[in-house]
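Q: My structure is below; once you've seen it, I'll send some questions.
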Amino acid sequence: MAGFSIELILATGYAAFLAVAAFALEVMARHTHRRSLRISTIGFTYHADRDIWSCPQDQHLFPIFSDPVRGKVIYRAPPSACNSCRSKAACTDSSTGREVIRMPNESIESGMLRFHRYFSLTLLSLAGFIVIVELYRAHGSTARLLLAGILLLLFVAGRQVFSTVRVGTSEA
């Protein structure tokens, strides 16, 4: 890259590395979040029209507790159904029936997703800071134009991540 200083090349390379790391962290966090939400209800089916869950043995879990402020709903199967079920050992050790808890946007998993998004924002901000410093140090319009373009890309990526942090984690 003729005409570009080694500092410019290293700074843009490091900024690109941080941006790629932030993107990879976002992808992994979304995947882990979706997986953790599914793992606690594997084999169970939610019926939104009746607000109940069905287990793999076709028993129904009914809402027994609701906290509208936090959005938490606890569903439980009748103890008699679970205690006589042939799959009980693989499903639950509770003698009061299997429970499924639904906590949109307030669960530990959602908190971890938010944490990873803030970490991604931090990486993108650091990359932006490096590019801004190099923008002030750069000589020549080509180098400045390149850095401004990179800064714009970092800003767009950071704005996208920030908007998902602000609205919550429901789209993940």
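Letters A, B, ... go to the chains of the structure tokens in the order shown; residues in each chain start at 1; ligands are counted from 1 in the same order.
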Could you give me, as a list in words, each residue of range 10-68 of chain A that DSSP assigns to strand (DSSP E) when run on this structure's backbone?
A: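 Those residues are Thr45, Tyr46, His47, Ile52, Trp53, Ser54, His60, Leu61, Phe62, Pro63, Ile64, Phe65, Ser66 and Asp67 of chain A.
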Q: For C-alpha atoms, I'd like the residues from the last selection saved as a PDB file, in the first residue's frame.
A:
ATOM      1  CA  THR A  45     -44.744 -26.747  22.827  1.00  0.00           C
ATOM      2  CA  TYR A  46     -46.262 -23.392  23.706  1.00  0.00           C
ATOM      3  CA  HIS A  47     -49.864 -22.781  22.623  1.00  0.00           C
ATOM      4  CA  ILE A  52     -50.448 -23.247  27.994  1.00  0.00           C
ATOM      5  CA  TRP A  53     -47.454 -25.487  27.376  1.00  0.00           C
ATOM      6  CA  SER A  54     -47.673 -29.160  26.319  1.00  0.00           C
ATOM      7  CA  HIS A  60     -50.617 -29.542  29.764  1.00  0.00           C
ATOM      8  CA  LEU A  61     -48.773 -27.034  31.919  1.00  0.00           C
ATOM      9  CA  PHE A  62     -51.073 -24.245  33.062  1.00  0.00           C
ATOM     10  CA  PRO A  63     -50.131 -20.783  34.329  1.00  0.00           C
ATOM     11  CA  ILE A  64     -49.979 -20.790  38.126  1.00  0.00           C
ATOM     12  CA  PHE A  65     -48.202 -17.475  38.725  1.00  0.00           C
ATOM     13  CA  SER A  66     -47.893 -14.263  36.773  1.00  0.00           C
ATOM     14  CA  ASP A  67     -45.911 -11.119  37.497  1.00  0.00           C
TER      15      ASP A  67
END
Q: Using only C-alpha atoms, I'd like a table of the residues in range 3-41 of chain A that come within 8 Å of range 142-158 of chain A; for each, show the closest atom pair and its distance in Å rounded to one decimal, ordered by chain and ascending number, as JSON lines.
A:
{"residue": "A:Phe4", "atom": "CA", "partner": "A:Ala143", "partner_atom": "CA", "distance": 6.9}
{"residue": "A:Leu8", "atom": "CA", "partner": "A:Ala143", "partner_atom": "CA", "distance": 7.9}
{"residue": "A:Thr12", "atom": "CA", "partner": "A:Leu147", "partner_atom": "CA", "distance": 7.6}
{"residue": "A:Ala19", "atom": "CA", "partner": "A:Leu154", "partner_atom": "CA", "distance": 7.3}
Q: May I have the residues from that selection written out with C-alpha atoms, as a compact mmCIF listing (two decimals), in the first residue's frame?
A:
# COMPACT_ATOMS: atom_id res chain seq x y z
CA PHE A 4 0.33 4.84 3.58
CA LEU A 8 -1.97 3.92 9.43
CA THR A 12 -6.72 0.31 10.47
CA ALA A 19 -14.77 -4.74 14.54
Q: Dump as JSON lines the rows for residues of range 7-113 of chain A within 10 Å of range 117-123 of chain A: closest atom pair and distance in Å with one decimal, only C-alpha atoms counted, ordered by chain and rising residue number.
A:
{"residue": "A:Ala15", "atom": "CA", "partner": "A:Leu123", "partner_atom": "CA", "distance": 8.9}
{"residue": "A:Phe17", "atom": "CA", "partner": "A:Leu123", "partner_atom": "CA", "distance": 9.5}
{"residue": "A:Leu18", "atom": "CA", "partner": "A:Leu123", "partner_atom": "CA", "distance": 5.7}
{"residue": "A:Ala19", "atom": "CA", "partner": "A:Leu123", "partner_atom": "CA", "distance": 6.8}
{"residue": "A:Val20", "atom": "CA", "partner": "A:Leu123", "partner_atom": "CA", "distance": 9.4}
{"residue": "A:Ala21", "atom": "CA", "partner": "A:Leu123", "partner_atom": "CA", "distance": 7.7}
{"residue": "A:Ala22", "atom": "CA", "partner": "A:Ser120", "partner_atom": "CA", "distance": 4.5}
{"residue": "A:Phe23", "atom": "CA", "partner": "A:Ser120", "partner_atom": "CA", "distance": 7.2}
{"residue": "A:Ala24", "atom": "CA", "partner": "A:Ser120", "partner_atom": "CA", "distance": 8.9}
{"residue": "A:Leu25", "atom": "CA", "partner": "A:Ser120", "partner_atom": "CA", "distance": 6.6}
{"residue": "A:Glu26", "atom": "CA", "partner": "A:Arg117", "partner_atom": "CA", "distance": 6.5}
{"residue": "A:Ala29", "atom": "CA", "partner": "A:Arg117", "partner_atom": "CA", "distance": 7.9}
{"residue": "A:Arg30", "atom": "CA", "partner": "A:Arg117", "partner_atom": "CA", "distance": 9.4}
{"residue": "A:Gly111", "atom": "CA", "partner": "A:Arg117", "partner_atom": "CA", "distance": 9.8}
{"residue": "A:Met112", "atom": "CA", "partner": "A:Arg117", "partner_atom": "CA", "distance": 8.6}
{"residue": "A:Leu113", "atom": "CA", "partner": "A:Arg117", "partner_atom": "CA", "distance": 6.2}
Q: A:Ala90, A:Met103, A:Cys85, A:Ala127: which is nearest Leu10 in chain A, counting only C-alpha atoms?
A: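 Closest to Leu10 in chain A, using only C-alpha atoms: A:Ala127.
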Q: So which one's closest to Gly97 in chain A, A:Lys72, A:Phe115, A:Gly128, A:Gln59? Using only C-alpha atoms, please.
A: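 When distances to Gly97 in chain A are compared using only C-alpha atoms, the smallest one comes from A:Gln59.
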Q: Here is a test: counting only C-alpha atoms, which residue of A:Thr96, A:Gly71, A:Tyr14, A:Phe129 is nearest to Asn83 in chain A?
A: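 The answer is A:Thr96, which sits nearest to Asn83 in chain A.
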Q: Nearest to Arg159 in chain A: which of A:Gly43, A:Ile130, A:Ser84, A:Ser125 is it, counting only C-alpha atoms?
A: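 That would be A:Ser125, the residue with the smallest distance to Arg159 in chain A.
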Q: What does the structure give for the distance between CA of His31 in chain A and CA of Glu99 in chain A, in Å to one decimal?
A: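 Between CA of His31 in chain A and CA of Glu99 in chain A the gap is 24.4 Å.
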Q: One decimal, in Å: what's the spacing between CA of Tyr136 in chain A and CA of Ser163 in chain A?
A: 28.4 Å
Q: From chain A, collect each residue whose DSSP state is helix (DSSP H, G or I) and return the set as number ranges by chain.
A: A: 6-39, 79-83, 88-91, 108-137, 141-167
Q: Take the residues from that selection and put them in a file with C-alpha atoms, as a CSV table (one decimal), in the first residue's frame.
A:
chain,number,residue,atom,x,y,z
A,6,ILE,CA,3.0,1.8,8.8
A,7,GLU,CA,1.1,3.4,11.7
A,8,LEU,CA,-2.0,3.9,9.4
A,9,ILE,CA,-1.8,0.3,8.2
A,10,LEU,CA,-1.5,-1.0,11.8
A,11,ALA,CA,-4.2,1.2,13.2
A,12,THR,CA,-6.7,0.3,10.5
A,13,GLY,CA,-5.8,-3.4,10.8
A,14,TYR,CA,-6.3,-3.3,14.5
A,15,ALA,CA,-9.6,-1.4,14.2
A,16,ALA,CA,-10.8,-4.0,11.6
A,17,PHE,CA,-9.7,-6.8,14.0
A,18,LEU,CA,-11.7,-5.2,16.8
A,19,ALA,CA,-14.8,-4.7,14.5
A,20,VAL,CA,-14.6,-8.4,13.4
A,21,ALA,CA,-14.2,-9.5,17.0
A,22,ALA,CA,-17.3,-7.5,17.9
A,23,PHE,CA,-19.3,-9.0,15.1
A,24,ALA,CA,-18.2,-12.5,16.0
A,25,LEU,CA,-19.2,-11.8,19.6
A,26,GLU,CA,-22.6,-10.6,18.4
A,27,VAL,CA,-23.2,-13.8,16.3
A,28,MET,CA,-22.1,-16.1,19.1
A,29,ALA,CA,-24.1,-14.2,21.8
A,30,ARG,CA,-27.3,-14.4,19.6
A,31,HIS,CA,-26.8,-18.1,18.9
A,32,THR,CA,-26.1,-18.9,22.6
A,33,HIS,CA,-29.1,-16.8,23.7
A,34,ARG,CA,-31.5,-18.6,21.3
A,35,ARG,CA,-30.1,-22.0,22.3
A,36,SER,CA,-30.4,-21.3,26.0
A,37,LEU,CA,-34.0,-20.2,25.6
A,38,ARG,CA,-34.8,-23.4,23.7
A,39,ILE,CA,-32.9,-25.8,26.0
A,79,PRO,CA,-48.6,-33.3,40.0
A,80,SER,CA,-50.7,-36.4,39.4
A,81,ALA,CA,-49.8,-36.3,35.7
A,82,CYS,CA,-46.1,-35.9,36.3
A,83,ASN,CA,-45.8,-38.4,39.2
A,88,LYS,CA,-40.6,-38.3,34.9
A,89,ALA,CA,-37.0,-39.2,35.7
A,90,ALA,CA,-35.8,-37.5,32.5
A,91,CYS,CA,-38.0,-34.5,32.9
A,108,ILE,CA,-30.4,-14.3,33.0
A,109,GLU,CA,-30.0,-15.3,29.4
A,110,SER,CA,-31.3,-11.9,28.3
A,111,GLY,CA,-29.0,-10.2,30.7
A,112,MET,CA,-26.0,-12.1,29.3
A,113,LEU,CA,-27.0,-11.2,25.8
A,114,ARG,CA,-27.2,-7.5,26.9
A,115,PHE,CA,-23.7,-7.9,28.5
A,116,HIS,CA,-22.3,-9.3,25.2
A,117,ARG,CA,-23.8,-6.5,23.3
A,118,TYR,CA,-22.3,-3.9,25.6
A,119,PHE,CA,-19.0,-5.7,25.2
A,120,SER,CA,-19.4,-5.5,21.4
A,121,LEU,CA,-20.2,-1.8,21.7
A,122,THR,CA,-17.0,-1.3,23.8
A,123,LEU,CA,-14.9,-3.1,21.1
A,124,LEU,CA,-16.5,-0.9,18.3
A,125,SER,CA,-15.9,2.2,20.4
A,126,LEU,CA,-12.3,1.3,20.9
A,127,ALA,CA,-11.9,0.7,17.2
A,128,GLY,CA,-13.5,4.1,16.5
A,129,PHE,CA,-11.2,5.8,19.0
A,130,ILE,CA,-8.2,4.3,17.2
A,131,VAL,CA,-9.4,5.4,13.9
A,132,ILE,CA,-10.2,8.9,15.1
A,133,VAL,CA,-6.7,9.3,16.6
A,134,GLU,CA,-5.2,8.1,13.4
A,135,LEU,CA,-7.5,10.4,11.4
A,136,TYR,CA,-5.9,13.4,13.3
A,137,ARG,CA,-2.4,12.1,12.7
A,141,SER,CA,-6.5,13.2,1.6
A,142,THR,CA,-6.5,9.5,0.5
A,143,ALA,CA,-5.5,8.4,4.0
A,144,ARG,CA,-8.1,10.7,5.6
A,145,LEU,CA,-10.8,9.5,3.2
A,146,LEU,CA,-10.0,5.9,4.0
A,147,LEU,CA,-10.1,6.5,7.7
A,148,ALA,CA,-13.4,8.5,7.4
A,149,GLY,CA,-15.0,5.6,5.5
A,150,ILE,CA,-13.8,3.1,8.2
A,151,LEU,CA,-15.2,5.5,10.9
A,152,LEU,CA,-18.5,5.7,9.1
A,153,LEU,CA,-18.7,1.9,8.9
A,154,LEU,CA,-17.9,1.6,12.7
A,155,PHE,CA,-20.5,4.2,13.5
A,156,VAL,CA,-23.2,2.3,11.5
A,157,ALA,CA,-22.3,-1.0,13.1
A,158,GLY,CA,-22.2,0.6,16.6
A,159,ARG,CA,-25.6,2.3,16.0
A,160,GLN,CA,-27.1,-1.0,15.0
A,161,VAL,CA,-25.8,-2.8,18.2
A,162,PHE,CA,-26.8,0.2,20.4
A,163,SER,CA,-30.4,0.1,19.0
A,164,THR,CA,-30.7,-3.5,19.9
A,165,VAL,CA,-29.5,-2.8,23.4
A,166,ARG,CA,-32.0,0.0,23.8
A,167,VAL,CA,-35.0,-1.9,22.6
Q: One decimal, in Å: what's the spacing between CA of Asp93 in chain A and CA of Val73 in chain A?
A: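 Between CA of Asp93 in chain A and CA of Val73 in chain A the gap is 20.6 Å.
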